[in-house]
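Reproduced below: upload.txt, with compact mmCIF, C-alpha atoms.
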# COMPACT_ATOMS: atom_id res chain seq x y z
CA MET K 1469 19.16 -12.19 5.72
CA SER K 1470 20.95 -11.26 8.91
CA THR K 1471 21.07 -12.98 12.24
CA ALA K 1472 19.57 -11.53 15.36
CA VAL K 1473 21.05 -8.22 16.43
CA GLY K 1474 23.88 -8.90 18.86
CA GLY K 1475 23.32 -12.67 18.71
CA THR K 1476 21.30 -12.58 21.98
CA THR K 1477 19.38 -15.71 23.01
CA ARG K 1478 17.26 -16.84 25.94
CA PRO K 1479 15.60 -20.12 26.97
CA CYS K 1480 12.11 -20.91 25.71
CA PRO K 1481 9.63 -20.92 28.65
CA GLU K 1482 7.88 -23.99 27.18
CA CYS K 1483 10.66 -26.39 26.12
CA GLY K 1484 13.88 -24.72 27.29
CA ALA K 1485 15.46 -24.46 23.82
CA ARG K 1486 17.57 -21.38 23.16
CA VAL K 1487 15.64 -18.81 21.12
CA PRO K 1488 17.15 -15.75 19.37
CA VAL K 1489 16.12 -12.35 20.69
CA ASP K 1490 15.78 -9.27 18.50
CA GLU K 1491 13.79 -6.51 20.22
CA ARG K 1492 12.39 -5.38 16.86
CA PHE K 1493 10.62 -8.68 16.23
CA THR K 1494 8.53 -11.28 18.01
CA VAL K 1495 10.50 -13.65 20.22
CA TRP K 1496 9.42 -17.24 19.49
CA CYS K 1497 10.65 -20.82 19.64
CA ALA K 1498 11.31 -22.78 16.46
CA ALA K 1499 11.45 -26.05 18.42
CA CYS K 1500 7.93 -25.97 19.90
CA ASP K 1501 6.29 -22.95 18.16
CA TRP K 1502 5.85 -21.09 21.44
CA ASN K 1503 4.64 -17.52 20.71
CA VAL K 1504 4.87 -18.08 16.94
CA ASP K 1505 1.60 -16.22 16.33
CA PRO K 1506 0.87 -13.90 19.28
CA GLY K 1507 -1.10 -11.24 17.44
CA GLU K 1508 -3.92 -13.01 15.56
CA ARG K 1509 -6.76 -11.26 17.39
CA GLN K 1510 -4.95 -7.94 17.45
CA GLU K 1511 -4.29 -8.23 13.71
CA HIS K 1512 -8.00 -8.88 13.07
CA ARG K 1513 -8.89 -5.69 14.94
CA GLN K 1514 -6.22 -3.77 13.06
CA LYS K 1515 -7.61 -5.03 9.74
CA GLN K 1516 -11.07 -3.78 10.71
CA GLU K 1517 -9.65 -0.39 11.64
CA THR K 1518 -7.70 -0.28 8.36
CA GLU K 1519 -10.88 -1.01 6.41
CA LYS K 1520 -12.65 1.86 8.15
CA ARG K 1521 -9.69 4.16 7.52
CA ARG K 1522 -9.69 3.27 3.81
CA GLY K 1523 -13.41 3.96 3.50
CA LYS K 1524 -14.67 0.41 2.93
CA ARG K 1525 -18.42 -0.02 3.26
CA PRO K 1526 -19.90 -2.47 5.82
CA GLY K 1527 -19.74 -6.07 4.63
CA GLN K 1528 -16.76 -5.60 2.35
CA GLY K 1529 -14.40 -7.01 4.97
CA ARG K 1530 -16.56 -10.12 5.42
CA LEU K 1531 -16.67 -10.62 1.65
CA GLU K 1532 -12.89 -10.35 1.46
CA GLU K 1533 -12.47 -12.86 4.29
CA ALA K 1534 -14.81 -15.30 2.53
CA ARG K 1535 -12.90 -14.89 -0.73
CA ARG K 1536 -9.60 -15.51 1.07
CA ALA K 1537 -10.99 -18.68 2.66
CA LEU K 1538 -12.13 -19.89 -0.76
CA ALA K 1539 -8.73 -18.99 -2.25
CA ARG K 1540 -7.00 -20.99 0.46
CA ARG K 1541 -9.10 -24.11 -0.21
CA HIS K 1542 -8.56 -23.86 -3.97
CA GLY K 1543 -4.85 -23.18 -3.47
CA GLU K 1544 -4.37 -26.22 -1.25
CA ARG K 1545 -6.17 -28.55 -3.66
CA LEU K 1546 -4.29 -27.16 -6.65
CA HIS K 1547 -0.96 -27.51 -4.86
CA THR K 1548 -1.68 -31.19 -4.25
CA GLU K 1549 -2.66 -31.71 -7.89
CA MET K 1550 0.25 -29.79 -9.39
CA THR K 1551 2.95 -31.42 -7.29
CA ARG K 1552 1.89 -34.97 -8.17
CA ASP K 1553 4.18 -36.98 -10.43
CA GLY K 1554 3.16 -36.48 -14.05
CA ALA K 1555 0.97 -33.45 -13.30
CA ASP K 1556 -0.05 -31.42 -16.37
CA LEU K 1557 1.53 -27.98 -15.87
CA ARG K 1558 0.49 -26.55 -19.21
CA ALA K 1559 -1.83 -23.55 -19.40
CA ARG K 1560 -5.32 -24.57 -20.42
CA ARG K 1561 -8.87 -23.26 -20.57
CA ASP K 1562 -11.47 -25.47 -18.88
CA GLY K 1563 -15.26 -25.50 -18.83
CA ALA K 1564 -15.40 -23.11 -15.88
CA SER K 1565 -13.40 -20.54 -17.86
CA VAL K 1566 -15.83 -20.81 -20.79
CA LEU K 1567 -18.78 -20.33 -18.43
CA ALA K 1568 -17.01 -17.36 -16.87
CA TYR K 1569 -16.69 -15.72 -20.30
CA ALA K 1570 -20.38 -16.35 -20.96
CA LEU K 1571 -21.37 -14.87 -17.60
CA ALA K 1572 -19.09 -11.87 -18.15
CA LEU K 1573 -20.73 -11.23 -21.52
CA ALA K 1574 -24.14 -11.44 -19.85
CA VAL K 1575 -23.03 -8.83 -17.30
CA HIS K 1576 -21.98 -6.51 -20.10
CA GLY K 1577 -25.25 -7.35 -21.86
CA VAL K 1578 -27.21 -5.89 -18.93
CA THR K 1579 -25.40 -2.59 -19.35
CA ALA K 1580 -26.00 -2.67 -23.10
CA ALA K 1581 -29.71 -3.38 -22.54
CA LEU K 1582 -29.98 -0.41 -20.17
CA LEU K 1583 -28.29 1.80 -22.74
CA ALA K 1584 -30.48 0.57 -25.60
CA GLY K 1585 -33.64 0.85 -23.49
CA GLY K 1586 -32.76 4.40 -22.48
CA VAL K 1587 -32.17 5.47 -26.07
CA LEU K 1588 -35.41 3.83 -27.26
CA CYS K 1589 -37.45 5.45 -24.48
CA LEU K 1590 -36.04 8.85 -25.39
CA VAL K 1591 -36.74 8.35 -29.09
CA TRP K 1592 -40.20 6.79 -28.82
CA GLY K 1593 -41.37 8.89 -25.91
CA TRP K 1594 -39.99 12.25 -27.03
CA GLY K 1595 -42.04 14.94 -25.34
CA GLY K 1596 -43.82 12.45 -23.09
CA GLY K 1597 -43.41 10.59 -19.82
CA LEU K 1598 -41.16 7.92 -21.32
CA MET K 1599 -38.37 10.48 -21.53
CA LEU K 1600 -37.96 10.39 -17.75
CA LEU K 1601 -37.66 6.61 -17.79
CA GLY K 1602 -35.20 6.86 -20.66
CA ALA K 1603 -33.08 9.37 -18.76
CA VAL K 1604 -33.05 7.12 -15.70
CA LEU K 1605 -31.99 4.11 -17.79
CA LEU K 1606 -29.20 6.10 -19.44
CA VAL K 1607 -27.93 7.34 -16.07
CA MET K 1608 -27.91 3.73 -14.83
CA ALA K 1609 -26.08 2.55 -17.96
CA VAL K 1610 -23.42 5.22 -17.50
CA ALA K 1611 -23.04 4.48 -13.78
CA LEU K 1612 -22.84 0.72 -14.32
CA ARG K 1613 -20.72 0.78 -17.48
CA PRO K 1614 -17.68 -1.50 -17.74
CA ARG K 1615 -14.71 0.12 -16.06
CA LEU K 1616 -11.72 -0.06 -18.36
CA SER K 1617 -8.42 0.87 -16.81
CA SER K 1618 -7.21 4.32 -17.74
CA PRO K 1619 -4.68 4.45 -20.61
CA LEU K 1620 -2.02 5.70 -18.19
CA GLY K 1621 -1.20 4.52 -14.70
CA ASP K 1622 -1.46 6.56 -11.53
CA GLY K 1623 2.30 6.86 -11.05
CA THR K 1624 5.11 8.30 -13.14
CA VAL K 1625 4.81 6.91 -16.66
CA LEU K 1626 8.09 5.96 -18.32
CA ARG K 1627 8.20 5.72 -22.10
CA ARG K 1628 10.72 3.62 -23.99
CA ALA K 1629 12.79 6.70 -24.69
CA ASP K 1630 12.88 7.47 -20.96
CA ALA K 1631 14.02 4.02 -19.82
CA PRO K 1632 15.40 1.98 -22.73
CA GLU K 1633 17.41 -0.35 -20.47
CA LEU K 1634 14.44 -1.14 -18.25
CA TYR K 1635 12.24 -1.81 -21.28
CA ALA K 1636 14.96 -4.00 -22.76
CA LEU K 1637 15.04 -6.04 -19.55
CA VAL K 1638 11.24 -6.41 -19.61
CA ASP K 1639 11.39 -7.46 -23.28
CA GLU K 1640 14.07 -10.05 -22.53
CA VAL K 1641 12.04 -11.48 -19.65
CA ALA K 1642 8.94 -11.53 -21.86
CA ARG K 1643 10.76 -13.54 -24.52
CA ALA K 1644 11.96 -15.97 -21.87
CA VAL K 1645 8.38 -16.66 -20.70
CA GLY K 1646 7.00 -16.79 -24.25
CA THR K 1647 5.06 -13.56 -24.62
CA ARG K 1648 5.66 -9.98 -25.75
CA GLY K 1649 6.70 -7.02 -23.64
CA VAL K 1650 4.64 -4.11 -22.36
CA ASP K 1651 3.64 -0.84 -23.98
CA THR K 1652 4.05 1.37 -20.91
CA ILE K 1653 5.67 1.19 -17.49
CA SER K 1654 4.23 3.19 -14.62
CA VAL K 1655 6.29 3.68 -11.45
CA GLY K 1656 4.44 4.47 -8.22
CA LYS K 1657 4.44 4.15 -4.45
CA GLU K 1658 2.33 0.99 -4.13
CA ILE K 1659 3.98 -1.96 -2.38
CA ASN K 1660 3.11 -4.15 -5.32
CA ALA K 1661 3.64 -4.84 -9.00
CA SER K 1662 1.07 -5.84 -11.62
CA VAL K 1663 0.36 -6.06 -15.31
CA ILE K 1664 -2.91 -4.89 -16.80
CA SER K 1665 -4.49 -4.17 -20.18
CA ARG K 1666 -5.36 -0.49 -20.31
CA GLY K 1667 -7.81 1.49 -22.43
CA LEU K 1668 -9.95 0.41 -25.37
CA ARG K 1669 -6.93 -0.83 -27.30
CA GLY K 1670 -5.87 -3.11 -24.46
CA ARG K 1671 -2.32 -1.80 -24.31
CA ARG K 1672 -0.17 -3.80 -21.93
CA ALA K 1673 1.03 -1.85 -18.93
CA LEU K 1674 3.37 -2.73 -16.09
CA ASP K 1675 2.66 -0.98 -12.79
CA LEU K 1676 5.85 -1.12 -10.76
CA GLY K 1677 5.74 -0.15 -7.10
CA LEU K 1678 9.12 1.28 -6.12
CA PRO K 1679 8.85 0.32 -2.41
CA LEU K 1680 8.80 -3.33 -3.52
CA TRP K 1681 11.30 -2.96 -6.35
CA GLU K 1682 13.86 -1.23 -4.14
CA VAL K 1683 14.03 -3.99 -1.51
CA LEU K 1684 14.54 -6.84 -3.98
CA THR K 1685 17.87 -8.23 -5.14
CA PRO K 1686 18.59 -7.93 -8.88
CA GLN K 1687 17.54 -11.53 -9.57
CA GLN K 1688 14.43 -11.17 -7.42
CA ARG K 1689 13.50 -8.22 -9.63
CA VAL K 1690 13.85 -10.47 -12.66
CA ALA K 1691 11.66 -13.03 -10.88
CA LEU K 1692 9.05 -10.34 -10.22
CA LEU K 1693 8.96 -9.40 -13.90
CA GLY K 1694 8.87 -13.07 -14.90
CA HIS K 1695 5.90 -13.70 -12.64
CA GLU K 1696 3.89 -10.72 -13.88
CA LEU K 1697 4.55 -11.36 -17.56
CA GLY K 1698 3.88 -15.04 -16.97
CA HIS K 1699 0.21 -14.16 -16.52
CA TYR K 1700 0.00 -13.25 -20.20
CA ALA K 1701 1.91 -16.35 -21.25
CA ASN K 1702 -0.48 -18.57 -19.26
CA GLY K 1703 -3.74 -16.93 -20.37
CA ASP K 1704 -5.00 -15.77 -16.95
CA THR K 1705 -8.69 -14.99 -17.51
CA ARG K 1706 -8.83 -12.23 -14.90
CA HIS K 1707 -6.19 -10.34 -16.85
CA GLY K 1708 -8.43 -10.37 -19.93
CA ARG K 1709 -10.61 -7.42 -20.76
CA VAL K 1710 -13.93 -9.30 -20.90
CA VAL K 1711 -13.82 -11.06 -17.52
CA GLY K 1712 -11.68 -8.43 -15.79
CA SER K 1713 -14.00 -5.56 -16.70
CA ALA K 1714 -17.06 -7.66 -15.73
CA LEU K 1715 -15.59 -8.22 -12.26
CA ARG K 1716 -14.93 -4.49 -11.90
CA SER K 1717 -18.47 -3.72 -13.09
CA LEU K 1718 -20.03 -6.10 -10.58
CA ALA K 1719 -17.90 -4.63 -7.78
CA THR K 1720 -19.16 -1.16 -8.80
CA TRP K 1721 -22.79 -2.36 -8.88
CA ARG K 1722 -22.38 -3.92 -5.47
CA TYR K 1723 -20.98 -0.68 -4.07
CA TYR K 1724 -24.00 1.28 -5.30
CA PHE K 1725 -26.48 -1.24 -3.82
CA LEU K 1726 -24.83 -1.65 -0.42
CA PRO K 1727 -27.14 -0.53 2.42
CA THR K 1728 -26.50 2.81 4.03
CA PRO K 1729 -25.30 2.38 7.63
CA ARG K 1730 -27.37 3.99 10.39
CA PRO K 1731 -30.06 4.98 7.86
CA SER K 1732 -32.76 7.59 8.20
CA LEU K 1733 -36.37 6.63 7.44
CA GLY K 1734 -35.98 7.48 3.75
CA GLU K 1735 -32.69 5.62 3.56
CA MET K 1736 -34.31 2.57 5.18
CA ILE K 1737 -36.82 2.48 2.33
CA VAL K 1738 -34.00 2.76 -0.23
CA ASN K 1739 -32.11 -0.04 1.54
CA ALA K 1740 -35.19 -2.26 1.34
CA VAL K 1741 -35.63 -1.52 -2.38
CA TYR K 1742 -31.96 -2.28 -3.01
CA ALA K 1743 -32.01 -5.57 -1.09
CA VAL K 1744 -33.04 -7.79 -4.01
CA PRO K 1745 -30.70 -6.19 -6.60
CA LEU K 1746 -27.87 -6.47 -4.05
CA LEU K 1747 -28.51 -10.20 -3.63
CA LEU K 1748 -28.55 -10.70 -7.40
CA VAL K 1749 -25.33 -8.74 -7.88
CA GLN K 1750 -23.66 -10.43 -4.92
CA GLY K 1751 -24.66 -13.85 -6.21
CA THR K 1752 -23.38 -13.09 -9.72
CA LEU K 1753 -20.10 -11.74 -8.36
CA SER K 1754 -19.64 -14.80 -6.16
CA LEU K 1755 -20.41 -17.12 -9.08
CA LEU K 1756 -17.94 -15.35 -11.35
CA ASP K 1757 -15.39 -15.53 -8.52
CA HIS K 1758 -15.95 -19.28 -8.22
CA LEU K 1759 -15.71 -19.84 -11.96
CA THR K 1760 -12.46 -17.92 -12.36
CA LEU K 1761 -10.68 -18.55 -9.06
CA ARG K 1762 -9.38 -22.01 -9.84
CA ALA K 1763 -8.01 -20.96 -13.23
CA THR K 1764 -6.57 -17.78 -11.71
CA GLN K 1765 -4.84 -19.66 -8.90
CA ARG K 1766 -3.47 -22.16 -11.40
CA ALA K 1767 -2.17 -19.20 -13.39
CA GLU K 1768 -0.46 -17.89 -10.24
CA TYR K 1769 1.36 -21.19 -9.74
CA LEU K 1770 2.34 -21.26 -13.41
CA ALA K 1771 3.49 -17.63 -13.23
CA ASP K 1772 5.65 -18.56 -10.23
CA ARG K 1773 7.16 -21.34 -12.33
CA GLU K 1774 7.95 -18.79 -15.05
CA ALA K 1775 9.59 -16.59 -12.43
CA ALA K 1776 11.83 -19.49 -11.40
CA ARG K 1777 12.66 -20.41 -15.00
CA THR K 1778 13.55 -16.80 -15.77
CA ALA K 1779 15.43 -15.71 -12.65
CA SER K 1780 16.28 -19.03 -10.88
CA THR K 1781 14.42 -21.02 -8.24
CA GLU K 1782 16.44 -19.34 -5.48
CA ALA K 1783 15.41 -15.86 -6.63
CA ALA K 1784 11.75 -16.81 -7.03
CA ALA K 1785 11.66 -18.37 -3.55
CA GLY K 1786 13.35 -15.26 -2.16
CA LEU K 1787 10.63 -13.17 -3.77
CA MET K 1788 8.03 -15.27 -1.93
CA ASP K 1789 9.82 -14.54 1.35
CA GLN K 1790 9.64 -10.82 0.66
CA MET K 1791 5.88 -11.17 0.13
CA LEU K 1792 5.65 -12.31 3.75
CA VAL K 1793 7.11 -9.05 5.11
CA LEU K 1794 5.24 -6.51 2.98
CA ASP K 1795 3.61 -5.19 6.17
CA SER K 1796 7.09 -4.33 7.45
CA ILE K 1797 7.66 -2.17 4.35
CA ASP K 1798 4.34 -0.43 4.94
CA VAL K 1799 5.09 0.23 8.61
CA PHE K 1800 8.56 1.59 7.80
CA LEU K 1801 7.27 4.00 5.15
CA ARG K 1802 4.44 5.23 7.36
CA ARG K 1803 6.92 5.84 10.14
CA GLU K 1804 9.15 7.82 7.77
CA SER K 1805 6.20 9.91 6.65
CA ASN K 1806 5.04 10.55 10.22
CA ASN K 1807 8.53 11.46 11.39
CA ALA K 1808 8.93 13.91 8.51
CA ALA K 1809 5.57 15.51 9.30
CA LEU K 1810 6.54 15.94 12.95
CA ALA K 1811 9.93 17.40 11.99
CA GLY K 1812 8.38 20.06 9.76
CA ALA K 1813 8.23 20.91 6.07
CA ARG K 1814 11.94 21.68 5.63
CA SER K 1815 12.97 18.36 7.15
CA ALA K 1816 10.32 16.58 5.07
CA ARG K 1817 11.77 17.99 1.87
CA ARG K 1818 15.27 17.03 2.93
CA ASN K 1819 14.28 13.48 3.87
CA ALA K 1820 12.22 13.03 0.74
CA ALA K 1821 14.86 14.21 -1.66
CA GLY K 1822 17.92 13.04 0.24
CA ALA K 1823 20.47 12.54 -2.45
CA ARG K 1824 19.67 13.77 -5.93
CA ASP K 1825 17.75 10.56 -6.71
CA GLY K 1826 15.86 10.33 -3.42
CA GLY K 1827 18.30 7.66 -2.36
CA ASP K 1828 18.21 8.30 1.40
CA LEU K 1829 14.69 6.94 1.81
CA TRP K 1830 15.31 3.95 -0.44
CA THR K 1831 18.67 3.19 1.16
CA ARG K 1832 17.10 3.19 4.62
CA LEU K 1833 14.24 1.01 3.42
CA ALA K 1834 16.59 -1.52 1.79
CA ALA K 1835 18.75 -1.59 4.93
CA HIS K 1836 15.67 -2.15 7.08
CA LEU K 1837 14.54 -5.14 5.03
CA ALA K 1838 18.07 -6.54 4.82
CA SER K 1839 18.25 -6.49 8.62
CA VAL K 1840 15.20 -8.74 9.03
CA PRO K 1841 16.65 -11.92 10.59
CA GLU K 1842 16.10 -15.37 9.12
CA HIS K 1843 14.18 -16.51 12.21
CA GLU K 1844 11.57 -13.79 11.52
CA TYR K 1845 11.11 -15.02 7.93
CA GLU K 1846 10.69 -18.55 9.28
CA ARG K 1847 8.13 -17.33 11.82
CA GLN K 1848 6.19 -15.61 9.05
CA ARG K 1849 6.26 -18.83 6.98
CA ARG K 1850 4.82 -20.80 9.90
CA VAL K 1851 2.20 -18.16 10.63
CA GLY K 1852 1.35 -18.12 6.93
CA ALA K 1853 0.90 -21.89 6.96
CA ARG K 1854 -1.43 -21.58 9.97
CA ARG K 1855 -3.54 -18.72 8.65
CA GLY K 1856 -3.18 -19.28 4.93
CA HIS K 1857 -1.39 -15.99 4.26
CA SER K 1858 -1.79 -14.79 0.68
CA VAL K 1859 -1.07 -11.56 -1.16
CA ASP K 1860 -4.80 -11.07 -1.77
CA SER K 1861 -7.99 -13.06 -2.24
CA THR K 1862 -7.04 -14.25 -5.74
CA HIS K 1863 -3.65 -15.71 -4.80
CA PRO K 1864 -2.90 -19.16 -3.39
CA PRO K 1865 -1.37 -19.28 0.11
CA THR K 1866 2.15 -17.91 -0.05
CA HIS K 1867 3.75 -20.86 1.77
CA LEU K 1868 2.25 -23.25 -0.81
CA ARG K 1869 3.55 -21.11 -3.67
CA ARG K 1870 7.00 -21.28 -2.13
CA ALA K 1871 6.73 -25.05 -1.63
CA PHE K 1872 5.67 -25.46 -5.26
CA LEU K 1873 8.75 -23.55 -6.40
CA LEU K 1874 11.01 -25.85 -4.38
CA THR K 1875 9.49 -29.01 -5.88
CA GLY K 1876 11.85 -30.71 -8.30
CA PRO K 1877 15.37 -29.73 -9.38
CA PRO K 1878 16.33 -26.05 -8.98
CA ALA K 1879 16.20 -23.92 -12.12
CA GLU K 1880 19.12 -21.80 -13.30
CA PRO K 1881 18.47 -18.22 -14.48
CA ALA K 1882 17.58 -17.59 -18.12
CA VAL K 1883 17.96 -13.82 -17.61
CA VAL K 1884 20.75 -12.35 -15.49
CA LEU K 1885 20.61 -8.77 -14.25
CA ASP K 1886 24.27 -7.93 -13.82
CA GLU K 1887 25.69 -5.02 -11.87
CA ALA K 1888 26.40 -2.79 -14.90
CA ARG K 1889 22.88 -3.20 -16.23
CA GLN K 1890 21.44 -2.65 -12.79
CA ARG K 1891 23.29 0.69 -12.53
CA ARG K 1892 21.92 1.81 -15.92
CA ILE K 1893 18.37 0.96 -14.89
CA ALA K 1894 18.85 2.77 -11.58
CA ALA K 1895 19.98 5.86 -13.50
CA GLU K 1896 16.85 5.71 -15.66
CA LEU K 1897 14.69 5.48 -12.54
CA ALA K 1898 16.48 8.29 -10.68
CA THR K 1899 13.89 11.00 -11.36
CA ALA K 1900 10.98 8.68 -10.59
CA ARG K 1901 12.69 7.51 -7.39
CA ALA K 1902 12.96 11.10 -6.17
CA GLU K 1903 9.35 11.91 -7.10
CA VAL K 1904 7.96 8.81 -5.42
CA ALA K 1905 10.10 9.38 -2.32
CA ARG K 1906 8.80 12.94 -2.02
CA SER K 1907 5.24 11.70 -2.44
CA ILE K 1908 5.62 9.05 0.24
CA VAL K 1909 7.18 11.40 2.77
CA ARG K 1910 4.69 14.17 2.02
CA ASP K 1911 1.47 12.16 1.63
CA GLY K 1912 2.25 8.71 3.02
CA VAL K 1913 1.76 5.38 1.27
CA ALA K 1914 -1.42 4.43 -0.56
Please re-express this file's structure in structure tokens.
Amino acid sequence: MSTAVGGTTRPCPECGARVPVDERFTVWCAACDWNVDPGERQEHRQKQETEKRRGKRPGQGRLEEARRALARRHGERLHTEMTRDGADLRARRDGASVLAYALALAVHGVTAALLAGGVLCLVWGWGGGLMLLGAVLLVMAVALRPRLSSPLGDGTVLRRADAPELYALVDEVARAVGTRGVDTISVGKEINASVISRGLRGRRALDLGLPLWEVLTPQQRVALLGHELGHYANGDTRHGRVVGSALRSLATWRYYFLPTPRPSLGEMIVNAVYAVPLLLVQGTLSLLDHLTLRATQRAEYLADREAARTASTEAAAGLMDQMLVLDSIDVFLRRESNNAALAGARSARRNAAGARDGGDLWTRLAAHLASVPEHEYERQRRVGARRGHSVDSTHPPTHLRRAFLLTGPPAEPAVVLDEARQRRIAAELATARAEVARSIVRDGVA
């Protein structure tokens, strides 16, 4: 992490301490926290505008805020428990997890009952009025069916033959955390990484967002893989097919029952009819959230521990710092896409492709993140502690995750990604890097 550009400083207007000045970032004082969080209200408005831009229905933002507040409370309590002397850091399944499985099965049972009722109405009422009811029940069963993830990811899918070195690295990390590797790796333009069980067979898949991967150091990449695979090693219930698909089903049901904004007379009647089902679905979703959130947040802390054991405590803590500046990655990529659009199609193709592997975009992005000064990371940590910053509503606050990693003696890496191996992996990703770069410049980020 670099120092402020040019080393410029000026006195703090509150306490007089010298503060670093970098025109690209907020000027603030580490001594008295002057101007540490100047944009809270503006950020709230921007979030609302982003929700509208992404097509979220009314109320979804409030639900997300409530879930984040709950995640923060759970995360704080768990951090206190897990950093106590003699704390039990083993993965375990508690009573809430058992109840969550039972509730998830009940959710799937509703869909099964609709399907069975539809079939019975069609069979028993063939040629009569029951057929209409049967058809309605079948349509509802299809619409509300459990959503399994597609067998393939949305990005460029790499098979073992396409990227043997990358798969070997994932396998080595998996062995280090005590689980098996993945069946497929999908490379896309999301600023994220995740593991998921796809399709009816539950094949393990790693979704790797190149904008995140490209800005990490080699050991931070190992930490990222260690964290994601650690979810399987620690038995995270939300990564299971039963509970995970039930949560997706309830989210789908809720979407269908949400009231239509600015309704006509007919739509007002539909909204009134949907009010009770919406409350039932919302209550069930909230209950399942409550039952799984503590276990999920515990799994996040344990996955962070696996990241540190695999890649080193320093690398895992560095990964947490990068989580604080994901918005900077998003802003940079949107700016690149907008600039290319303004410059015209020919310039867009040149900027997207750059070198043969799309390296221009990724080189600029990595340089941008490397230029973020340490005082900006520290500001983000303090803002995160004030607001409870987290990656999403299922994760504990990022500053607590980082503090948990730094508790106790530092861990040395179990898996080392050396320069030669890094070059081989980069060569395997060359085609995907170019494709994703073109997609970002042409269409923007997700």
* To do: Excluding Gln1848 of chain K and residues on its chain fewer than 3 positions from it, collect all residues at most 12 Å away from it, counting all atoms listed in the file, and give them as a ChimeraX atom specification.
  => /K:1493-1494,1496,1498,1501,1503-1507,1788-1796,1840-1845,1851-1858,1866-1867
Close residues, Leu1680 of chain K itself excluded, 12 Å, only C-alpha atoms, min 5 positions apart in chain, as a PDB file with C-alpha atoms, in the frame of the given file:
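Writing the result to part37.pdb gives the following:
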ATOM      1  CA  VAL K1655       6.290   3.680 -11.450  1.00  0.00           C
ATOM      2  CA  GLY K1656       4.440   4.470  -8.220  1.00  0.00           C
ATOM      3  CA  LYS K1657       4.440   4.150  -4.450  1.00  0.00           C
ATOM      4  CA  GLU K1658       2.330   0.990  -4.130  1.00  0.00           C
ATOM      5  CA  ILE K1659       3.980  -1.960  -2.380  1.00  0.00           C
ATOM      6  CA  ASN K1660       3.110  -4.150  -5.320  1.00  0.00           C
ATOM      7  CA  ALA K1661       3.640  -4.840  -9.000  1.00  0.00           C
ATOM      8  CA  SER K1662       1.070  -5.840 -11.620  1.00  0.00           C
ATOM      9  CA  ASP K1675       2.660  -0.980 -12.790  1.00  0.00           C
ATOM     10  CA  THR K1685      17.870  -8.230  -5.140  1.00  0.00           C
ATOM     11  CA  GLN K1688      14.430 -11.170  -7.420  1.00  0.00           C
ATOM     12  CA  ARG K1689      13.500  -8.220  -9.630  1.00  0.00           C
ATOM     13  CA  LEU K1692       9.050 -10.340 -10.220  1.00  0.00           C
ATOM     14  CA  LEU K1787      10.630 -13.170  -3.770  1.00  0.00           C
ATOM     15  CA  GLN K1790       9.640 -10.820   0.660  1.00  0.00           C
ATOM     16  CA  MET K1791       5.880 -11.170   0.130  1.00  0.00           C
ATOM     17  CA  LEU K1792       5.650 -12.310   3.750  1.00  0.00           C
ATOM     18  CA  VAL K1793       7.110  -9.050   5.110  1.00  0.00           C
ATOM     19  CA  LEU K1794       5.240  -6.510   2.980  1.00  0.00           C
ATOM     20  CA  ASP K1795       3.610  -5.190   6.170  1.00  0.00           C
ATOM     21  CA  SER K1796       7.090  -4.330   7.450  1.00  0.00           C
ATOM     22  CA  ILE K1797       7.660  -2.170   4.350  1.00  0.00           C
ATOM     23  CA  ASP K1798       4.340  -0.430   4.940  1.00  0.00           C
ATOM     24  CA  LEU K1801       7.270   4.000   5.150  1.00  0.00           C
ATOM     25  CA  TRP K1830      15.310   3.950  -0.440  1.00  0.00           C
ATOM     26  CA  LEU K1833      14.240   1.010   3.420  1.00  0.00           C
ATOM     27  CA  ALA K1834      16.590  -1.520   1.790  1.00  0.00           C
ATOM     28  CA  LEU K1837      14.540  -5.140   5.030  1.00  0.00           C
TER      29      LEU K1837
END
* To do: Considering only C-alpha atoms, return as a VMD selection string whatever protein or nucleic-acid residues lie within 7 Å of Gly1543 of chain K, sequence-local ones (same chain, fewer than 6 positions apart) excluded.
  => chain K and resid 1765 1864 to 1865
* **One-decimal distance in Å that lies between atom CA of Val1575 of chain K and atom CA of Ile1737 of chain K** =>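 These atoms are spaced 26.5 Å apart.
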* Separation of atom CA of Ala1609 of chain K from atom CA of Ala1580 of chain K, in Å and rounded to one decimal ->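 Computing it gives 7.3 Å between the two atoms.
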* To do: For each of K:Gly1694, K:Pro1479, K:Gly1597, K:Pro1729, take the minimum atom-to-atom distance to Glu1640 of chain K, counting all atoms listed in the file, then give the residue where this is smallest.
  => K:Gly1694
* Could you tell me which of K:Val1487, K:Ala1611, K:Leu1885, K:Leu1726 comes closest to Trp1502 of chain K if we count only C-alpha atoms? => K:Val1487
* Just give me the gap between atom CA of Leu1546 of chain K and atom CA of Ala1570 of chain K in Å, one decimal is fine. =>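 These two atoms are separated by 24.1 Å.
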* To do: Starting from the point (-25.3, -7.8, -20.8), work out which residues of protein, DNA or RNA have an atom no more than 12 Å away when counting only C-alpha atoms; state them as a list of chain:residue names.
  =>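 Counting only C-alpha atoms, I find these residues within 12 Å of (-25.3, -7.8, -20.8): K:Tyr1569, K:Ala1570, K:Leu1571, K:Ala1572, K:Leu1573, K:Ala1574, K:Val1575, K:His1576, K:Gly1577, K:Val1578, K:Thr1579, K:Ala1580, K:Ala1581, K:Leu1582, K:Leu1583, K:Ala1584, K:Ala1609, K:Leu1612, K:Arg1613, K:Pro1614, K:Val1710, K:Ala1714, K:Ser1717, K:Leu1718.
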